[in-house]
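**Q** Questions regarding the structure given below will be posed in turn.
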Amino acid sequence: MADGKSAILQGTLDLMVLKALEAMGPLHGYGIARRLEQISDNALLVNQGTVYASLQRLMQRRLITAEWGVSENNRRSRYYTITKAGRRQLAAETENWARISGVIGRLLAMVR
Amino acid sequence: MRARVVTIVSRLVDWFRSSSLDQEFDTEIQDHLARLTDEYIERGLTPADATRLARVRLGGVTQLKEEQREQRGVPVLDHLWQDARYAVRVFRRNPGFTLVGILTIALGVGVNTIVFTLLNAVAFKQLPVANADTLVRVERWFQSGARGDVQYAFSFEEYSHIRKNSQRLASLIAVSWPESVPSSVDGAQTVQGQLVSGDYFAVLGVTAALGRTFVPEEDQVPGRNPVAVLADGFWRHHLQSDPHAIGRSIVLSGTAFTIIGVAPATFIGTGNPPRVPDFWAPLMMQGVLTPGAAWLERADRHRLQLLARVKPECPLEEARAEMQVLTLQLVEHPETNFAGDRTMALKLQPAVFFGGTDDVRFAAIAALAMTIASMILLVACANLANMLLARGVARQREIGMRLALGASRSRVVRQLLTENVLLATIGGMSGLLLSYWGGALAWNVVDRVVQLIFLSDRPFVASVSPDARVLAFAIGVSLTTGLLFGLSPALKSSRPDLVTSLKGEASAMSDRLRPTRSWLIAGQMAVSIAFLICGGLLLKGLTYAQRADPGFESARVFMAFMSLGSNPETAPGLQQRILDRLRQSAAIQQMALVDRYPFGGTWTPPMMVNDPGSPSGHRSARTLANYVSPSYFATMGIPIERGRTFSNQDGVGNPVAIVSESAARFFWPQDDPIGRRLTLDINFKGQLADFEVIGIAKDVRSANLSRIDPAYVYLPIRSGQPYNLLLRSNADIRDVSAAVTDAIEATDRRLLPSAHVAKLDDAPFVRLQLALPGIIAPCVAALALVALLLAGIGLYGVTSYTAAQRRGEVGIRMALGATPATVRWLMIRQALRPVMIGAAIGLAAAGGLSHLLQSTLTMPGAPDFLFGVGAFDPMTFAGVTVFAFFVAITASYLPLRHATQVDPIAALRCK
């Protein structure tokens, strides 16, 4: 779909969204965006709307589901929840990241 | 991988709910915005500022929605729909262009579809019976390689043998060739019927519309069951659709047959020949129906066609292999061989309506027809491509704008391509409609030809209605055309220089496209000219055909057809007695016996004479030959220029021959042939026979009406054999018929039903040879004119478009002092350059075709399609070229007249 670079960025964003949902439980779009801003110090999101593309991708892969619900202040909002498949994917990707960063770390240390 | 599949499925599902999903997302975005606004308000901003900042932080709502839509659903389908709607708007804005485009494609696709419909009816459509795809025809292959109807002819003994001994065939049915029998029905003196085996209708899965069909018990004992099934057409026409026809009797050949059923209207027989007979009767009734010509019991009479169904569990290959074995068994019965020509193999062919459609000659004709039709389509497509290119250049501003606004090139190409394919498809469907009407017309033409061949007034039966195959063909051709000829213009048009195109100066691009345009025009011209030359030659041949004089008095010659009974021993004696009686008749002036009737097929054995002058000592070539009785020349009115005719002593003991003038000139250019010897290879197997020349006959056209016999050798008939009878009379055909009938009646009454007399001039072969050019020539000429018309339109369009593009240049030239005439002349010259190249190619192609045609004439028996017109007739070649150039010049001149009437100042300002 897009070129390699943005695919990696997309993948990273997707991963972050999954993580946020796993850690915080069901969230609406605004909540997810706030969380990501907080964690990444506003580095990850160009604007808050970016999460929606990510959420759409994740929904199509059946890693999250969405449901309309009522929030604390009687607002009708759409809440996203991570699925079992999503949790499995998250675990797999996390492990993958850990492995890769370990290898690169050792590599960089070696070059020194 | 699995992830992608899941994604695709989700997208498809969402595509159907796109509008409700749009609304849902809108609500979600609004909610998000509300929350962001609240956050800012909590931080102390004014509601107005809060709202604004919220929007900034969220990002553009419209873009978000667009991204969402791209992400969700199936964008390809959405774009296609968008493009299609836009294409329709574009078409409506340019109705003239659209109409011409549609008509052009309709013409091209229509012609192709007509040809395919005919092909479909002949070659692909299965027989209209149950489970047609499991029905096969049995075909035999001879040692001599003989082709044609003879490959499907079997004797009753062969049929019984295969039926009894085959284990792989589920069923085997037999159907005879049509037999003419006299009947008692009003308005039908003779009717045509086919004799079929008892299980014929059952195996074909045909149930009677009225009454019933045969059962096997009715086909056991010769002559026991005089029952008949009528054809629907005959029942309607001659029995007035009488619902009580069942049980009535009809007298056929003097015997009363009981009508037991009427076949359904949809049953049109099993083809070969493709005519519906008037009735069907059991095989065992053969002796009753045609008493004078019994063939059922004779092992050497092959009058049955065999069709079979293979057992379902048995593969076709095994059945074929079994056929092979049965063939070898048959070969052991020498009486079953066709006059010494061994059967090499029996094959099973899928049964289509016409027997031998895997015949190489048929395939060649079919390929030729499709090629011609495709040429027309190509010419049409070239036109379309040129037009599309021109439109593409004209729309540079629009395209440039879209590219500048951010559309990707592939998106623009897709959109242009959708337009072109849509145009081609609309044109193609119109072409399909055209072919539906045109197909009926074309079938009429084919029908007339075939009626002439079979000398029948019964309609040629085949189902020409378009079926799924024809529809698929038309759609396929349209789509292919659209894609093929729309892709290149689409690609070329979408590669503009943005600055130039936005400024509206498209001349640079136009120049880049000139070579393509030129080649397209050259191609159209080449095809048109090649076609026109063929059409012109054929038309000229048509005029020659009207004046074709056989060279002998064909008007007074009659052919007397009769059967001479089923016993070969008594046949010559019977013929002699009939001849003796005819001699006493006042109506007959002369009579002769001949092996082959004039125009009734040719025998061309190789001939050799001694020629001391040539390096090999021989001169050899093929010649036409025939066995004739001594009175042949008098009967036909062919003078013997020198020497004498045959006498009754000539024959086996005294081998002599008479040659035609042309043969004499060719084989003995220096000497007098009389007294010389010639050698003939009598049966193509190297068995040579010598003859002494005793006379020279005048040249005539007796093999083909279209050309004088290149070389003819007449040999005396052999005694003890029956031959064909020719009569000469000054009376009309009724008197001659009466005389023949009397003679036969006095000799043997049983031979009467099979006797009839025909004028030589009315023989089917003669009528065909005369009528065929009248049918073919106008068709080819019409197609050629269509091609030229298309080419002319294309040339006109291109020239007028080019002239409009070059207004600025014209203005400058005229401002610098050129007269309108000079400018026009310059532009015409440039426009005609590709025309000249095209003409050269077309002439070369026509020359090649003519050469091919001429090479077929080396066979003495081959007909001359041009009736004597030289294949390189200079008048036709030159005339056509001049005509084509005239059209081209007119087509390029007309738009230029307008273009050069422009005011130079106005033209310059326009630039």
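In the structure tokens, chains take letters A, B, ... by order of appearance, with residues numbered from 1 within each chain and ligands from 1 in the order shown.
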Could you list, with a cut-off of 8 Å and counting only C-alpha atoms, the residues of chain A near chain B, each shown with its nearest atom pair and the distance in Å rounded to one decimal, rows sorted by chain and ascending number, as a tab-separated table?

**A**
```
residue	atom	partner	partner_atom	distance
A:Gly29	CA	B:His32	CA	6.8
A:Tyr30	CA	B:His32	CA	5.5
A:Asn47	CA	B:Leu58	CA	5.4
A:Gln48	CA	B:Leu58	CA	4.6
A:Gly49	CA	B:Leu58	CA	4.9
A:Thr50	CA	B:Leu64	CA	7.9
A:Tyr52	CA	B:Gln68	CA	7.4
A:Ala53	CA	B:Gln68	CA	6.2
A:Gln56	CA	B:Gln71	CA	7.0
A:Arg57	CA	B:Gln71	CA	7.4
A:Gln60	CA	B:Thr7	CA	5.0
A:Arg61	CA	B:Thr7	CA	5.4
A:Arg62	CA	B:Val6	CA	7.8
A:Arg75	CA	B:Asp31	CA	8.0
A:Arg76	CA	B:Asp31	CA	7.6
A:Ser77	CA	B:Asp31	CA	6.5
A:Arg78	CA	B:Glu28	CA	6.6
```

**Q** Please provide as a PyMOL selection string all residues within 12 Å of A:Gln89, with the sequence filter that same-chain residues fewer than 3 positions apart are discarded (counting only C-alpha atoms).

**A** (chain A and resi 11+14-15+18-19+22+58+61-64+82-86+92-96) or (chain B and resi 3)

**Q** Fewer than 2 positions away in the same chain doesn't count, so skip those; otherwise give me all residues within 8 Å of A:Thr81, counting only C-alpha atoms, as a VMD selection string.

**A** chain A and resid 21 25 to 27 64 to 66 79 83

**Q** Would you mind exporting all heavy atoms of the selected residues as an mmCIF file, in the first residue's frame?

**A**
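After the write, result.cif holds the following:
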```
data_model
loop_
_atom_site.group_PDB
_atom_site.id
_atom_site.type_symbol
_atom_site.label_atom_id
_atom_site.label_comp_id
_atom_site.auth_asym_id
_atom_site.auth_seq_id
_atom_site.Cartn_x
_atom_site.Cartn_y
_atom_site.Cartn_z
ATOM 1 N N LEU A 21 -4.550 -0.086 24.548
ATOM 2 C CA LEU A 21 -5.823 -0.741 24.842
ATOM 3 C C LEU A 21 -5.646 -1.891 25.823
ATOM 4 O O LEU A 21 -6.505 -2.146 26.664
ATOM 5 C CB LEU A 21 -6.455 -1.261 23.549
ATOM 6 C CG LEU A 21 -7.103 -0.188 22.661
ATOM 7 C CD1 LEU A 21 -7.620 -0.805 21.378
ATOM 8 C CD2 LEU A 21 -8.241 0.488 23.409
ATOM 9 N N GLY A 25 -7.497 -0.937 29.123
ATOM 10 C CA GLY A 25 -8.860 -1.425 28.951
ATOM 11 C C GLY A 25 -9.563 -0.649 27.843
ATOM 12 O O GLY A 25 -8.930 0.086 27.090
ATOM 13 N N PRO A 26 -10.881 -0.786 27.708
ATOM 14 C CA PRO A 26 -11.610 -0.134 26.609
ATOM 15 C C PRO A 26 -11.455 1.380 26.663
ATOM 16 O O PRO A 26 -11.608 1.994 27.719
ATOM 17 C CB PRO A 26 -13.070 -0.541 26.855
ATOM 18 C CG PRO A 26 -12.990 -1.774 27.696
ATOM 19 C CD PRO A 26 -11.754 -1.649 28.522
ATOM 20 N N LEU A 27 -11.155 1.969 25.475
ATOM 21 C CA LEU A 27 -10.977 3.413 25.388
ATOM 22 C C LEU A 27 -11.685 3.927 24.148
ATOM 23 O O LEU A 27 -11.855 3.212 23.174
ATOM 24 C CB LEU A 27 -9.488 3.764 25.236
ATOM 25 C CG LEU A 27 -8.618 3.780 26.485
ATOM 26 C CD1 LEU A 27 -7.182 4.115 26.086
ATOM 27 C CD2 LEU A 27 -9.127 4.825 27.486
ATOM 28 N N ILE A 64 -8.915 -5.714 17.263
ATOM 29 C CA ILE A 64 -9.710 -4.957 18.237
ATOM 30 C C ILE A 64 -11.160 -4.970 17.768
ATOM 31 O O ILE A 64 -11.435 -5.249 16.593
ATOM 32 C CB ILE A 64 -9.254 -3.482 18.373
ATOM 33 C CG1 ILE A 64 -9.379 -2.758 17.024
ATOM 34 C CG2 ILE A 64 -7.835 -3.407 18.893
ATOM 35 C CD1 ILE A 64 -9.041 -1.294 17.125
ATOM 36 N N THR A 65 -12.061 -4.702 18.697
ATOM 37 C CA THR A 65 -13.453 -4.523 18.294
ATOM 38 C C THR A 65 -13.936 -3.175 18.788
ATOM 39 O O THR A 65 -13.305 -2.565 19.654
ATOM 40 C CB THR A 65 -14.373 -5.601 18.914
ATOM 41 O OG1 THR A 65 -14.184 -5.591 20.323
ATOM 42 C CG2 THR A 65 -14.097 -6.966 18.343
ATOM 43 N N ALA A 66 -15.059 -2.721 18.214
ATOM 44 C CA ALA A 66 -15.576 -1.417 18.613
ATOM 45 C C ALA A 66 -17.042 -1.542 18.988
ATOM 46 O O ALA A 66 -17.772 -2.364 18.439
ATOM 47 C CB ALA A 66 -15.418 -0.425 17.472
ATOM 48 N N TYR A 79 -16.274 2.887 21.899
ATOM 49 C CA TYR A 79 -15.189 2.328 22.687
ATOM 50 C C TYR A 79 -14.543 1.161 21.968
ATOM 51 O O TYR A 79 -15.212 0.297 21.416
ATOM 52 C CB TYR A 79 -15.704 1.844 24.054
ATOM 53 C CG TYR A 79 -15.972 2.974 24.989
ATOM 54 C CD1 TYR A 79 -17.214 3.638 24.982
ATOM 55 C CD2 TYR A 79 -14.997 3.428 25.889
ATOM 56 C CE1 TYR A 79 -17.443 4.687 25.830
ATOM 57 C CE2 TYR A 79 -15.246 4.486 26.743
ATOM 58 C CZ TYR A 79 -16.476 5.111 26.696
ATOM 59 O OH TYR A 79 -16.712 6.159 27.540
ATOM 60 N N THR A 83 -8.938 -7.640 21.390
ATOM 61 C CA THR A 83 -9.466 -9.003 21.369
ATOM 62 C C THR A 83 -8.379 -9.981 21.777
ATOM 63 O O THR A 83 -7.212 -9.618 21.934
ATOM 64 C CB THR A 83 -9.932 -9.388 19.953
ATOM 65 O OG1 THR A 83 -8.778 -9.326 19.076
ATOM 66 C CG2 THR A 83 -11.016 -8.445 19.453
#
```

**Q** Which residue out of B:Gln524, B:Gln324, B:Thr570, B:Ser197 has the minimum interatomic distance to B:Leu283 when only C-alpha atoms are used?

**A**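 Of B:Gln524, B:Gln324, B:Thr570, B:Ser197, the one nearest B:Leu283, counting only C-alpha atoms, is B:Ser197.
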
**Q** As a VMD selection string, please: all residues of chain A that backbone DSSP puts in helix (DSSP H, G or I).

**A** chain A and resid 4 to 24 29 to 40 50 to 60 84 to 111

**Q** At what distance in Å, to one decimal, does atom CA of B:Pro550 lie from atom CA of B:Asp873?

**A**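 Rounded to one decimal, the two atoms are 23.0 Å apart.
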
**Q** What is the atom CA of B:Ile837-atom CA of B:Ser892 distance in Å, reported with one decimal?

**A**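 Separation of atom CA of B:Ile837 and atom CA of B:Ser892: 15.8 Å.
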
**Q** Using backbone DSSP assignments, extract all strand (DSSP E) residues from stretch 127-371 of chain B; output them as a VMD selection string.

**A** chain B and resid 135 to 142 169 to 176 179 to 182 190 to 196 210 to 211 227 to 230 249 to 252 255 to 262 279 to 282 304 to 310 343 to 350

**Q** Let me make sure I understand: among A:Gln10, A:Leu108, A:Leu90, A:Tyr80, which one has the smallest atom-to-atom distance to A:Met24 if we use only C-alpha atoms?

**A**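 So, comparing all the options, the nearest one is A:Tyr80.
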
**Q** Between atom CA of B:Leu304 and atom CA of B:Val196, what is the distance in Å, rounded to a tenth?

**A**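 Atom CA of B:Val196 lies 8.6 Å from atom CA of B:Leu304.
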
**Q** Using only C-alpha atoms, which of B:Gly573, B:Gly637, B:Gly536, B:Gly269 sits nearest B:Ser729?

**A**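 Of B:Gly573, B:Gly637, B:Gly536, B:Gly269, the one nearest B:Ser729, counting only C-alpha atoms, is B:Gly637.
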
**Q** Env of B:Cys779: 12 Å cut, atoms = only C-alpha atoms, seq-sep filter 4 positions within chain, self excluded. Answer as a list in words.

**A** Val111, Ala369, Ile372, Ala373, Leu441, Ala442, Val445, Val446, Phe531, Leu532, Cys534, Gly535, Gly536, Leu538, Leu539, Leu772, Pro773, Gly774, Ile775, Leu783, Ala784, Leu785 and Val786 of chain B

**Q** Those same residues, written as a short mmCIF file (atom, residue, chain, number, x, y, z; two decimals), in the first residue's frame with C-alpha atoms?

**A**
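again-v2.cif written:
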```
data_model
loop_
_atom_site.label_atom_id
_atom_site.label_comp_id
_atom_site.auth_asym_id
_atom_site.auth_seq_id
_atom_site.Cartn_x
_atom_site.Cartn_y
_atom_site.Cartn_z
CA VAL B 111 -19.19 -7.72 -38.67
CA ALA B 369 -13.61 -15.38 -42.91
CA ILE B 372 -11.38 -10.63 -43.09
CA ALA B 373 -13.83 -9.66 -40.39
CA LEU B 441 -29.38 -11.46 -43.60
CA ALA B 442 -26.02 -13.18 -43.86
CA VAL B 445 -27.03 -15.47 -48.32
CA VAL B 446 -25.46 -18.70 -47.12
CA PHE B 531 -9.89 -5.14 -49.99
CA LEU B 532 -11.01 -2.89 -52.79
CA CYS B 534 -10.09 -7.99 -54.30
CA GLY B 535 -13.62 -6.68 -54.56
CA GLY B 536 -12.86 -5.02 -57.88
CA LEU B 538 -14.30 -10.24 -58.18
CA LEU B 539 -16.78 -7.74 -59.59
CA LEU B 772 -21.64 -17.72 -56.60
CA PRO B 773 -19.79 -14.73 -57.99
CA GLY B 774 -23.04 -12.80 -57.89
CA ILE B 775 -23.19 -13.41 -54.18
CA LEU B 783 -16.99 -4.68 -47.06
CA ALA B 784 -14.22 -2.95 -48.96
CA LEU B 785 -16.29 0.20 -49.30
CA VAL B 786 -17.04 0.10 -45.60
#
```
